[in-house]
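Dumped data_27.cif below, it's mmCIF, C-alpha atoms:
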```
data_run
loop_
_atom_site.label_atom_id
_atom_site.label_comp_id
_atom_site.auth_asym_id
_atom_site.auth_seq_id
_atom_site.Cartn_x
_atom_site.Cartn_y
_atom_site.Cartn_z
CA MET A 1 65.96 19.50 56.64
CA GLY A 2 63.23 21.11 54.54
CA LEU A 3 61.20 17.90 54.59
CA VAL A 4 61.64 17.63 58.38
CA ILE A 5 60.35 21.15 58.93
CA LEU A 6 57.47 20.56 56.51
CA ILE A 7 56.38 17.33 58.24
CA THR A 8 56.64 18.74 61.77
CA GLY A 9 54.94 21.99 60.69
CA ILE A 10 51.99 20.09 59.21
CA SER A 11 51.76 17.88 62.31
CA LEU A 12 51.80 20.87 64.65
CA ILE A 13 49.04 22.66 62.71
CA LEU A 14 46.88 19.53 62.37
CA ASP A 15 47.28 18.82 66.09
CA GLY A 16 45.89 22.27 66.94
CA LEU A 17 43.05 22.12 64.44
CA PHE A 18 41.85 18.63 65.41
CA THR A 19 41.95 19.47 69.12
CA ASN A 20 39.94 22.63 68.51
CA TYR A 21 37.19 20.97 66.54
CA MET A 22 36.92 17.48 68.11
CA PRO A 23 35.68 16.48 71.59
CA TYR A 24 38.53 16.95 74.05
CA LEU A 25 36.96 16.88 77.50
CA VAL A 26 38.01 14.48 80.23
CA ASN A 27 36.08 11.24 79.55
CA ASN A 28 34.33 12.83 76.60
CA LEU A 29 37.13 12.36 74.16
CA SER A 30 37.08 11.65 70.46
CA ILE A 31 38.46 8.22 69.54
CA TYR A 32 40.44 10.06 66.87
CA THR A 33 42.36 12.23 69.34
CA THR A 34 45.58 13.40 67.71
CA MET A 35 49.14 13.44 68.98
CA PHE A 36 50.70 13.97 65.57
CA THR A 37 53.64 16.04 66.80
CA VAL A 38 54.70 13.35 69.27
CA CYS A 39 54.39 10.69 66.54
CA THR A 40 56.39 12.84 64.11
CA LEU A 41 59.39 12.52 66.44
CA PHE A 42 59.62 8.86 65.48
CA ILE A 43 58.91 9.35 61.79
CA ILE A 44 61.52 12.06 61.14
CA TYR A 45 64.50 10.25 62.68
CA PRO A 46 65.72 8.71 59.36
CA LEU A 47 65.75 12.18 57.78
CA PHE A 48 68.58 13.18 60.13
CA MET A 49 70.84 10.56 58.56
CA LYS A 50 72.17 9.23 61.88
CA ASN A 51 73.16 12.73 63.01
CA ASN A 52 71.90 12.13 66.54
CA LYS A 53 73.09 15.43 68.00
CA LYS A 54 71.11 17.38 65.42
CA TYR A 55 68.09 15.14 66.00
CA TYR A 56 68.19 15.64 69.79
CA LEU A 57 68.49 19.41 69.38
CA TYR A 58 65.59 19.46 66.91
CA SER A 59 63.45 17.35 69.28
CA PHE A 60 64.16 19.74 72.15
CA ILE A 61 63.22 22.78 70.04
CA LEU A 62 60.09 21.04 68.74
CA GLY A 63 59.05 20.28 72.34
CA PHE A 64 59.66 23.90 73.31
CA VAL A 65 57.47 25.12 70.44
CA TYR A 66 54.81 22.55 71.33
CA ASP A 67 54.80 23.90 74.91
CA LEU A 68 54.37 27.46 73.67
CA PHE A 69 51.54 26.59 71.29
CA TYR A 70 49.56 23.99 73.15
CA THR A 71 50.41 23.36 76.80
CA ASN A 72 51.51 26.56 78.59
CA LEU A 73 54.04 24.47 80.50
CA PHE A 74 57.63 25.57 80.97
CA LEU A 75 60.09 23.35 79.04
CA TYR A 76 58.13 20.21 80.03
CA ASP A 77 57.60 18.90 76.51
CA ALA A 78 61.05 20.07 75.45
CA LEU A 79 62.56 17.69 78.01
CA ILE A 80 60.09 14.87 77.40
CA PHE A 81 60.62 15.12 73.61
CA LEU A 82 64.36 14.92 74.27
CA LEU A 83 63.86 11.78 76.37
CA LEU A 84 61.67 10.24 73.64
CA ALA A 85 64.31 11.19 71.05
CA TYR A 86 66.93 9.17 72.99
CA ILE A 87 64.60 6.17 73.07
CA ILE A 88 63.77 6.53 69.37
CA ALA A 89 67.45 6.79 68.42
CA PHE A 90 68.11 3.62 70.44
CA ILE A 91 65.28 1.78 68.66
CA TYR A 92 66.49 2.81 65.20
CA LYS A 93 70.05 1.83 66.12
CA ASN A 94 69.10 -1.65 67.28
CA PHE A 95 66.15 -2.68 65.14
CA GLU A 96 65.29 -2.70 61.48
CA ILE A 97 62.18 -0.55 61.13
CA THR A 98 59.28 -1.81 59.03
CA ILE A 99 55.73 -0.46 58.96
CA PHE A 100 54.76 -3.05 61.59
CA HIS A 101 57.59 -1.88 63.86
CA THR A 102 56.58 1.73 63.27
CA ILE A 103 53.07 1.05 64.55
CA LEU A 104 54.41 -0.87 67.53
CA CYS A 105 56.91 1.87 68.41
CA LEU A 106 54.32 4.64 67.99
CA THR A 107 52.07 2.79 70.44
CA LEU A 108 54.98 2.56 72.89
CA ILE A 109 55.74 6.28 72.50
CA ILE A 110 52.10 7.30 73.06
CA VAL A 111 51.85 5.07 76.16
CA LEU A 112 55.14 6.45 77.51
CA TYR A 113 54.22 10.08 76.84
CA GLU A 114 50.78 9.80 78.44
CA SER A 115 52.04 7.79 81.41
CA ILE A 116 54.79 10.31 82.21
CA PHE A 117 52.34 13.20 81.87
CA ALA A 118 49.77 11.53 84.12
CA SER A 119 52.48 10.67 86.68
CA MET A 120 53.62 14.30 86.82
CA ILE A 121 50.05 15.47 87.42
CA LEU A 122 49.56 12.83 90.11
CA ILE A 123 52.83 13.69 91.86
CA ASN A 124 51.95 17.40 91.82
CA HIS A 125 48.47 16.57 93.13
CA LEU A 126 46.70 18.65 90.49
CA VAL A 127 43.93 16.43 89.14
CA PRO A 128 42.77 13.03 90.46
CA ILE A 129 43.83 10.48 87.84
CA THR A 130 43.04 6.78 87.94
CA PHE A 131 44.42 3.97 85.81
CA ASP A 132 41.03 3.72 84.07
CA LYS A 133 41.15 7.37 83.05
CA LEU A 134 44.69 7.01 81.77
CA PHE A 135 43.78 3.90 79.80
CA TYR A 136 40.79 5.76 78.34
CA LYS A 137 43.05 8.60 77.19
CA ILE A 138 45.63 6.24 75.67
CA SER A 139 43.05 4.04 73.93
CA HIS A 140 41.39 7.09 72.37
CA SER A 141 44.74 8.39 71.12
CA LEU A 142 45.79 5.36 69.12
CA ILE A 143 43.68 5.08 65.95
CA SER A 144 44.37 8.37 64.17
CA ASN A 145 48.00 8.56 65.33
CA LEU A 146 48.88 5.06 64.16
CA ILE A 147 47.22 5.72 60.80
CA TYR A 148 49.03 9.07 60.48
CA GLY A 149 52.34 7.48 61.52
CA GLY A 150 51.88 4.64 59.05
CA VAL A 151 51.06 7.00 56.19
CA MET A 152 54.02 9.26 57.02
CA PHE A 153 56.32 6.22 57.18
CA ILE A 154 55.25 5.20 53.68
CA VAL A 155 55.64 8.78 52.39
CA ILE A 156 59.18 9.09 53.78
CA LYS A 157 60.14 5.62 52.56
CA HIS A 158 58.81 6.46 49.09
CA SER A 159 60.66 9.77 49.18
CA SER A 160 63.90 8.01 50.16
CA LYS A 161 63.57 5.58 47.23
CA LYS A 162 62.85 8.44 44.85
CA HIS A 163 65.91 10.42 45.93
CA GLY A 164 68.16 7.40 46.29
CA ASN A 165 69.27 5.96 49.63
CA LYS A 166 72.09 8.51 49.89
CA ARG A 167 69.78 11.11 51.35
CA ILE A 168 67.80 8.99 53.77
CA ASN A 169 69.84 6.03 54.85
CA HIS A 170 67.72 4.18 57.37
CA PHE A 171 65.41 2.29 55.03
CA MET B 1 95.10 6.87 84.83
CA TYR B 2 94.53 9.71 87.32
CA ASN B 3 93.32 11.99 84.54
CA GLN B 4 90.92 9.33 83.28
CA LYS B 5 89.46 8.95 86.78
CA LYS B 6 89.12 12.72 87.08
CA GLU B 7 87.37 12.90 83.69
CA LYS B 8 84.99 10.12 84.70
CA LYS B 9 84.16 11.93 87.96
CA LYS B 10 83.57 15.17 86.07
CA LYS B 11 81.21 13.41 83.67
CA MET B 12 79.33 11.85 86.58
CA VAL B 13 78.89 15.25 88.25
CA ILE B 14 77.56 16.72 84.99
CA VAL B 15 75.08 13.84 84.50
CA ILE B 16 73.81 13.98 88.09
CA SER B 17 73.43 17.79 88.07
CA SER B 18 71.63 17.58 84.69
CA ILE B 19 69.19 15.02 86.11
CA ILE B 20 68.54 17.21 89.17
CA ILE B 21 67.96 20.29 86.99
CA ILE B 22 65.63 18.34 84.66
CA ILE B 23 63.59 16.98 87.59
CA PHE B 24 63.39 20.49 89.08
CA VAL B 25 62.22 22.00 85.76
CA LEU B 26 59.63 19.23 85.27
CA PHE B 27 58.17 19.83 88.73
CA TYR B 28 58.35 23.61 88.42
CA SER B 29 56.49 23.41 85.13
CA PHE B 30 53.50 21.79 86.83
CA VAL B 31 53.23 24.13 89.82
CA SER B 32 49.69 25.48 89.56
CA TYR B 33 50.40 28.89 91.09
CA ARG B 34 53.51 29.43 88.92
CA HIS B 35 53.73 32.86 87.29
CA MET B 36 55.02 32.97 83.74
CA THR B 37 58.47 34.53 83.46
CA PHE B 38 59.03 37.60 81.29
CA LEU B 39 60.93 35.51 78.72
CA GLU B 40 58.22 32.84 78.66
CA LYS B 41 55.55 35.50 78.09
CA GLY B 42 57.59 36.93 75.22
CA PHE B 43 57.95 33.55 73.51
CA LYS B 44 54.27 32.79 74.13
CA ASP B 45 53.24 36.07 72.49
CA ILE B 46 55.32 35.29 69.40
CA ALA B 47 53.73 31.81 69.23
CA ILE B 48 50.24 33.34 69.62
CA SER B 49 50.87 35.78 66.76
CA ILE B 50 51.84 32.86 64.51
CA GLN B 51 48.84 30.86 65.71
CA LYS B 52 46.51 33.78 64.93
CA ILE B 53 47.72 33.75 61.32
CA ILE B 54 47.29 29.95 61.07
CA MET B 55 43.81 30.05 62.61
CA TYR B 56 42.68 33.10 60.61
CA PRO B 57 40.70 31.16 57.96
CA PHE B 58 38.93 29.15 60.66
CA THR B 59 38.05 32.02 62.99
CA GLU B 60 37.52 34.99 60.70
CA LEU B 61 34.80 33.51 58.51
CA ASN B 62 32.49 32.66 61.42
CA HIS B 63 29.64 35.11 62.04
CA GLN B 64 29.88 34.51 65.80
CA LYS B 65 33.13 36.48 66.00
CA ASN B 66 33.07 39.70 68.03
CA ILE B 67 29.52 39.14 69.24
CA ASP B 68 29.00 40.08 72.88
CA GLN B 69 28.18 36.66 74.32
CA SER B 70 27.01 38.18 77.61
CA ASP B 71 24.12 39.82 75.74
CA SER B 72 22.21 36.54 75.46
CA TYR B 73 18.76 36.04 76.95
CA LEU B 74 19.94 33.25 79.24
CA ILE B 75 22.56 35.46 80.86
CA GLN B 76 20.63 38.73 80.99
CA LYS B 77 17.48 37.13 82.41
CA ASN B 78 19.36 35.77 85.40
CA VAL B 79 21.46 38.90 85.77
CA ASN B 80 18.29 41.03 85.91
CA SER B 81 16.74 38.87 88.59
CA SER B 82 19.99 39.05 90.54
CA LEU B 83 20.06 42.82 90.19
CA GLU B 84 16.54 43.09 91.55
CA LYS B 85 17.61 41.12 94.57
CA GLU B 86 20.66 43.30 95.00
CA ILE B 87 18.55 46.47 94.90
CA GLN B 88 16.41 44.97 97.61
CA GLU B 89 19.50 44.16 99.61
CA LEU B 90 20.77 47.71 99.17
CA LYS B 91 17.53 48.97 100.59
CA ASP B 92 18.24 46.80 103.56
CA ALA B 93 21.58 48.61 103.85
CA LEU B 94 23.63 45.53 103.15
CA LYS B 95 27.04 45.75 101.57
CA LEU B 96 26.67 45.16 97.84
CA ASN B 97 28.73 42.61 95.94
CA LYS B 98 30.00 43.66 92.53
CA THR B 99 27.17 43.51 90.00
CA PHE B 100 27.25 42.58 86.36
CA THR B 101 26.81 46.23 85.31
CA GLU B 102 30.17 47.10 86.85
CA TYR B 103 31.95 45.06 84.22
CA ASP B 104 33.23 45.84 80.74
CA ILE B 105 33.33 43.12 78.14
CA VAL B 106 36.16 41.86 75.94
CA ASN B 107 35.16 39.57 73.07
CA ALA B 108 37.78 36.97 72.24
CA THR B 109 38.41 34.10 69.85
CA VAL B 110 39.58 30.69 71.05
CA LEU B 111 42.90 29.87 69.40
CA SER B 112 43.61 26.45 70.84
CA ARG B 113 42.79 23.90 73.45
CA ASN B 114 45.47 22.84 75.87
CA LYS B 115 46.89 19.53 74.64
CA GLY B 116 47.43 18.71 78.30
CA TYR B 117 44.17 16.78 78.33
CA TRP B 118 43.81 16.75 82.14
CA PHE B 119 43.96 20.54 82.55
CA ASN B 120 40.78 21.50 80.66
CA THR B 121 42.03 24.88 79.53
CA ILE B 122 41.76 26.88 76.31
CA THR B 123 43.79 29.80 74.97
CA ILE B 124 42.17 33.02 73.68
CA ASP B 125 43.62 35.79 71.54
CA LYS B 126 43.20 38.64 74.08
CA GLY B 127 45.58 39.42 76.92
CA SER B 128 46.86 42.17 79.19
CA HIS B 129 46.95 44.50 76.17
CA ASP B 130 43.12 44.43 76.23
CA GLY B 131 42.96 44.89 80.00
CA ILE B 132 42.58 41.23 80.90
CA LYS B 133 44.03 40.08 84.21
CA ASN B 134 44.12 36.77 86.05
CA ASP B 135 40.90 35.41 87.57
CA MET B 136 38.37 37.25 85.38
CA ALA B 137 35.06 35.54 84.56
CA VAL B 138 34.62 34.18 81.03
CA VAL B 139 31.14 33.60 79.58
CA THR B 140 29.44 32.54 76.38
CA LYS B 141 25.79 33.04 75.47
CA ASP B 142 25.06 29.81 77.38
CA GLY B 143 26.56 30.97 80.67
CA LEU B 144 29.78 30.77 82.64
CA VAL B 145 32.62 28.78 81.07
CA GLY B 146 35.59 29.54 83.33
CA LYS B 147 38.14 32.08 84.47
CA THR B 148 41.31 33.57 83.05
CA THR B 149 44.71 32.31 84.15
CA LYS B 150 48.24 32.87 82.82
CA VAL B 151 47.73 36.16 80.98
CA THR B 152 50.39 37.39 78.52
CA TYR B 153 50.41 40.57 76.42
CA ASN B 154 48.14 39.17 73.70
CA SER B 155 46.81 35.86 75.02
CA SER B 156 45.14 34.35 78.06
CA GLU B 157 44.54 30.84 79.23
CA ILE B 158 41.01 30.01 80.42
CA LYS B 159 40.44 27.29 82.97
CA LEU B 160 37.05 25.75 82.22
CA ILE B 161 34.56 25.00 84.99
CA THR B 162 34.66 21.35 83.89
CA SER B 163 38.21 21.17 85.22
CA ASP B 164 38.85 18.55 87.89
CA ASP B 165 41.65 20.71 89.28
CA LEU B 166 41.68 20.20 93.03
CA ASN B 167 42.54 23.87 93.60
CA TYR B 168 39.74 25.28 91.42
CA LYS B 169 36.53 26.20 93.20
CA VAL B 170 33.75 28.64 92.29
CA SER B 171 31.22 29.95 94.80
CA VAL B 172 27.67 29.54 93.50
CA SER B 173 24.14 30.28 94.64
CA ILE B 174 21.15 28.09 93.99
CA SER B 175 17.87 30.00 93.57
CA VAL B 176 15.40 28.28 95.86
CA ALA B 177 11.91 29.80 96.25
CA GLU B 178 12.27 31.36 99.71
CA LYS B 179 16.00 32.19 99.82
CA ASP B 180 19.25 31.44 98.03
CA THR B 181 21.48 28.58 99.08
CA TYR B 182 25.22 28.88 98.68
CA ALA B 183 27.70 26.15 97.77
CA ILE B 184 30.92 25.41 95.90
CA LEU B 185 31.20 24.35 92.27
CA ASN B 186 34.12 22.01 91.76
CA GLY B 187 34.53 19.21 89.33
CA TYR B 188 32.78 17.58 86.48
CA ASP B 189 30.89 14.31 86.32
CA LYS B 190 31.81 12.54 83.13
CA LYS B 191 29.04 9.96 83.19
CA THR B 192 26.19 12.46 83.33
CA ASN B 193 28.03 15.31 81.58
CA THR B 194 27.20 17.69 84.44
CA VAL B 195 29.19 20.00 86.71
CA LYS B 196 29.25 19.15 90.41
CA VAL B 197 28.19 21.53 93.20
CA THR B 198 29.26 20.31 96.63
CA GLY B 199 28.68 21.41 100.21
CA VAL B 200 24.99 22.24 99.87
CA ASP B 201 23.30 22.50 103.28
CA LYS B 202 21.36 19.29 104.00
CA ASP B 203 18.36 21.32 105.24
CA SER B 204 18.13 23.45 102.09
CA ASN B 205 15.08 22.92 99.97
CA VAL B 206 16.86 22.53 96.62
CA LYS B 207 14.79 20.85 93.92
CA ILE B 208 15.43 19.47 90.45
CA ASP B 209 15.44 22.27 87.82
CA ASP B 210 16.44 24.98 90.32
CA VAL B 211 18.76 27.50 88.66
CA VAL B 212 22.44 27.69 89.68
CA LEU B 213 24.19 31.07 89.34
CA THR B 214 27.50 32.56 90.45
CA SER B 215 27.14 34.00 93.95
CA GLY B 216 29.50 36.95 93.61
CA PHE B 217 31.28 35.91 96.82
CA GLY B 218 35.03 35.98 96.82
CA GLY B 219 35.06 38.95 94.43
CA LEU B 220 36.19 36.90 91.43
CA PHE B 221 32.98 36.60 89.45
CA PRO B 222 30.06 39.01 89.25
CA ARG B 223 26.87 37.84 90.81
CA GLY B 224 24.15 36.19 88.74
CA ILE B 225 25.99 34.55 85.86
CA TYR B 226 24.02 31.54 84.71
CA ILE B 227 25.69 28.14 85.15
CA GLY B 228 22.89 25.62 84.69
CA THR B 229 19.95 23.83 86.30
CA VAL B 230 19.98 21.11 88.94
CA SER B 231 19.50 17.70 87.33
CA LYS B 232 20.30 15.36 90.22
CA ILE B 233 20.61 15.67 94.01
CA VAL B 234 22.68 13.23 96.07
CA SER B 235 23.12 13.27 99.86
CA ASP B 236 26.49 12.20 101.26
CA LYS B 237 26.66 8.92 103.17
CA TYR B 238 26.46 10.61 106.59
CA ASN B 239 23.65 12.92 105.38
CA LEU B 240 25.59 16.03 106.37
CA SER B 241 25.44 17.80 103.01
CA LYS B 242 24.16 17.40 99.47
CA THR B 243 25.93 17.25 96.12
CA LEU B 244 24.11 18.69 93.12
CA TYR B 245 24.69 17.70 89.52
CA VAL B 246 24.14 20.73 87.33
CA LYS B 247 23.20 20.39 83.68
CA THR B 248 24.60 23.24 81.61
CA THR B 249 23.44 24.27 78.15
CA GLN B 250 27.06 24.93 77.25
CA ASP B 251 28.81 22.52 74.88
CA PHE B 252 32.29 22.60 76.39
CA ASN B 253 33.70 20.73 73.41
CA ASN B 254 32.53 23.44 71.06
CA ILE B 255 33.68 26.80 72.42
CA HIS B 256 35.12 29.09 69.75
CA TYR B 257 34.16 32.60 70.89
CA VAL B 258 33.94 33.89 74.44
CA THR B 259 33.44 37.14 76.34
CA VAL B 260 35.68 38.11 79.24
CA LEU B 261 34.09 40.24 81.96
CA LYS B 262 36.55 42.94 82.88
CA GLU B 263 36.12 45.11 85.96
CA LYS B 264 35.34 48.75 85.08
CA LYS B 265 38.07 51.21 86.08
#
```

Produce structure tokens that represent the structure in this file.
Amino acid sequence: MGLVILITGISLILDGLFTNYMPYLVNNLSIYTTMFTVCTLFIIYPLFMKNNKKYYLYSFILGFVYDLFYTNLFLYDALIFLLLAYIIAFIYKNFEITIFHTILCLTLIIVLYESIFASMILINHLVPITFDKLFYKISHSLISNLIYGGVMFIVIKHSSKKHGNKRINHF
Amino acid sequence: MYNQKKEKKKKMVIVISSIIIIIFVLFYSFVSYRHMTFLEKGFKDIAISIQKIIMYPFTELNHQKNIDQSDSYLIQKNVNSSLEKEIQELKDALKLNKTFTEYDIVNATVLSRNKGYWFNTITIDKGSHDGIKNDMAVVTKDGLVGKTTKVTYNSSEIKLITSDDLNYKVSVSISVAEKDTYAILNGYDKKTNTVKVTGVDKDSNVKIDDVVLTSGFGGLFPRGIYIGTVSKIVSDKYNLSKTLYVKTTQDFNNIHYVTVLKEKK
């Protein structure tokens, strides 16, 4: 659990720092836009050792904290993180995860997260969003997050080998 | 068999009610006029205190901290010219809008940007504890940046003027030689990196490089806060009104310290 908290803590802090110091305006976005906390959801699953209930609860709390720190929304990310956690648990249950799969799944998660967010804004008629704008946001969110996800995957895999597969049993 | 059926029905009811509650919460979360609950404000304040500690090395070492941003030449020059006009208007026995001198200032540090990319908001480290309320003007040395929304005890969210929010409009005046023209600032043009001013009278004599300031109408913002200069003028297709594209000197990607204009008691 210590490693989980450490990884999510680092991701949360880095998310805030990068957003503060990199371009983050609509259509004036850095191509290295970070969504580390969302990506961490996928990376940390093996550390829960198939204890799905604990993983879902942790995802919900992480989403709640993310809302408090970065979005000012009420329980939105808590629920979306929970939904993503269900999808991630399903993926881990049914597929063997390699670094290639990790990158593929992280892309899927980013697309899902951004699409749901944009849909909610569209439904609530808050900001005019077009498919082009959404594609722009997604395309600018991929590079750094896939690199970060890949690196974290290797770190956790290495850590699991070091401590023996008893502790982390998904690799 | 009967018990199994009953159990299944019970499960179904729980699942359906959970889905309804989740959908309700998701929609409620996005309501723009939603007020934060007492509990939410409490949690937010705890999160802000933690964030202040995390951001301390990045905010405390900068010499820009605690500088009154409204003291800049760009702001004061336009405020002074607005005040002169107001004095003239007073002489004409017109009702005076609130002037810049009727405001106190609160210097604040930007803690984070809203990760909700579409909202264009930032969070500062000053809240109701420092006398900040909703809808107060926020400036930097380069002019108006936005207004306060969602204020908690020790934090406030600022909606930037670059926001495309359909419900966010600011009344502005454009200083044309003979008389001011009034219009509405709403939206941001990504291609030209300018803010959009719509509803300008088609007969007004607005020219490129005319200065755009807050009008003071509506009582939200004081009169005369600098926004930018007109860089492009476009008439609508029926030639009923004009849209202005206003170039600001503000780098909206690089806001770390702001000043909130607080009404004097």

TODO: Can you work out the spacing between CA of Met22 in chain A and CA of Asn253 in chain B in Å, to one decimal?
DONE: 7.0 Å

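The closest residue to chain A, picked from B:Ser231, B:Thr37, B:Gln4, B:Ser173 and counting only C-alpha atoms, is B:Thr37.
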
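What the PyMOL selection byres ((chain B and resi 255-265) around 6) picks from this file is Gln69, Glu102, Tyr103, Asp104, Ile105, Val106, Asn107, Ala108, Thr109, Val110, Ala137, Val138, Val139, Thr140, Phe252 and Asn254 of chain B.
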
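Across the model, the gap from CA of Thr107 in chain A to CA of Ile143 in chain A is 9.8 Å.
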
- [ ] Find, counting all atoms listed in the file, the residue in A:Tyr66, A:Phe100, A:Phe95, A:Phe74 that gets nearest to chain B.
- [x] A:Phe74

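The list of chain B residues within 6 Å of chain A is B:Leu26, B:Ser29, B:Lys44, B:Ser112, B:Arg113, B:Asn114, B:Lys115, B:Gly116, B:Asp164, B:Asp165, B:Leu166, B:Lys190, B:Asn253; this uses only C-alpha atoms.
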
Selection file, C-alpha atoms, as a PDB file, keeping the file's coordinate frame:
```pdb
ATOM      1  CA  LEU B  26      59.630  19.230  85.270  1.00  0.00           C
ATOM      2  CA  SER B  29      56.490  23.410  85.130  1.00  0.00           C
ATOM      3  CA  LYS B  44      54.270  32.790  74.130  1.00  0.00           C
ATOM      4  CA  SER B 112      43.610  26.450  70.840  1.00  0.00           C
ATOM      5  CA  ARG B 113      42.790  23.900  73.450  1.00  0.00           C
ATOM      6  CA  ASN B 114      45.470  22.840  75.870  1.00  0.00           C
ATOM      7  CA  LYS B 115      46.890  19.530  74.640  1.00  0.00           C
ATOM      8  CA  GLY B 116      47.430  18.710  78.300  1.00  0.00           C
ATOM      9  CA  ASP B 164      38.850  18.550  87.890  1.00  0.00           C
ATOM     10  CA  ASP B 165      41.650  20.710  89.280  1.00  0.00           C
ATOM     11  CA  LEU B 166      41.680  20.200  93.030  1.00  0.00           C
ATOM     12  CA  LYS B 190      31.810  12.540  83.130  1.00  0.00           C
ATOM     13  CA  ASN B 253      33.700  20.730  73.410  1.00  0.00           C
TER      14      ASN B 253
END
```

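Across the chains present, the PyMOL selection byres ((chain A and resi 36-52) around 7) applied to this file returns Val4, Thr8, Ser11, Leu12, Asp15, Thr34, Met35, Lys53, Lys54, Tyr55, Tyr56, Ser59, Ala85, Ile88, Leu106, Asn145, Gly149, Met152, Phe153, Ile168, Asn169 and His170 of chain A.
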
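Rounded to one decimal, CA of Thr229 in chain B and CA of Lys207 in chain B lie 9.7 Å from each other.
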
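Closest to Tyr168 in chain B among B:Ser156, B:Thr148, B:Ser49, B:Asn186 is B:Asn186, based on only C-alpha atoms.
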
Open item on the list: Restricting the calculation to only C-alpha atoms: of B:Phe43, B:Tyr226, B:Tyr188, B:Phe30, which residue gets closest to Thr243 in chain B?
Closed with: B:Tyr188

Open item on the list: What would the selection look like, as a PyMOL selection string, if the PyMOL selection byres ((chain B and resi 244) around 9) were run on the coordinates I just shared?
Closed with: chain B and resi 195-200+206+230-235+242-243+245-246

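Of the listed residues A:Ile61, A:Ile138, A:Ile154, A:Leu104, the one whose atoms come nearest to Ile5 in chain A is A:Ile61, with distances taken using all atoms listed in the file.
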
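Distance annotation: of B:Asp142, B:Thr248, B:Asn120, B:Gly131, the residue with the minimal separation from Leu160 in chain B is B:Asn120; atom set is all atoms listed in the file.
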
Open item on the list: Need the shell around Glu157 in chain B: protein/DNA/RNA residues with any atom at most 9 Å away, counting all atoms listed in the file. Skip same-chain ones fewer than 2 positions apart. Format as a PyMOL selection string?
Closed with: (chain A and resi 72) or (chain B and resi 114+121-124+127+147-152+155+159)

Is it possible to get the axis-aligned box enclosing range 110-128 of chain A (all listed atoms, 6 Å extra per side) as lines of an AutoDock Vina configuration file, with centre and edge lengths in Å rounded to one decimal?
```
center_x = 49.0
center_y = 11.9
center_z = 83.1
size_x = 24.4
size_y = 25.6
size_z = 32.1
```
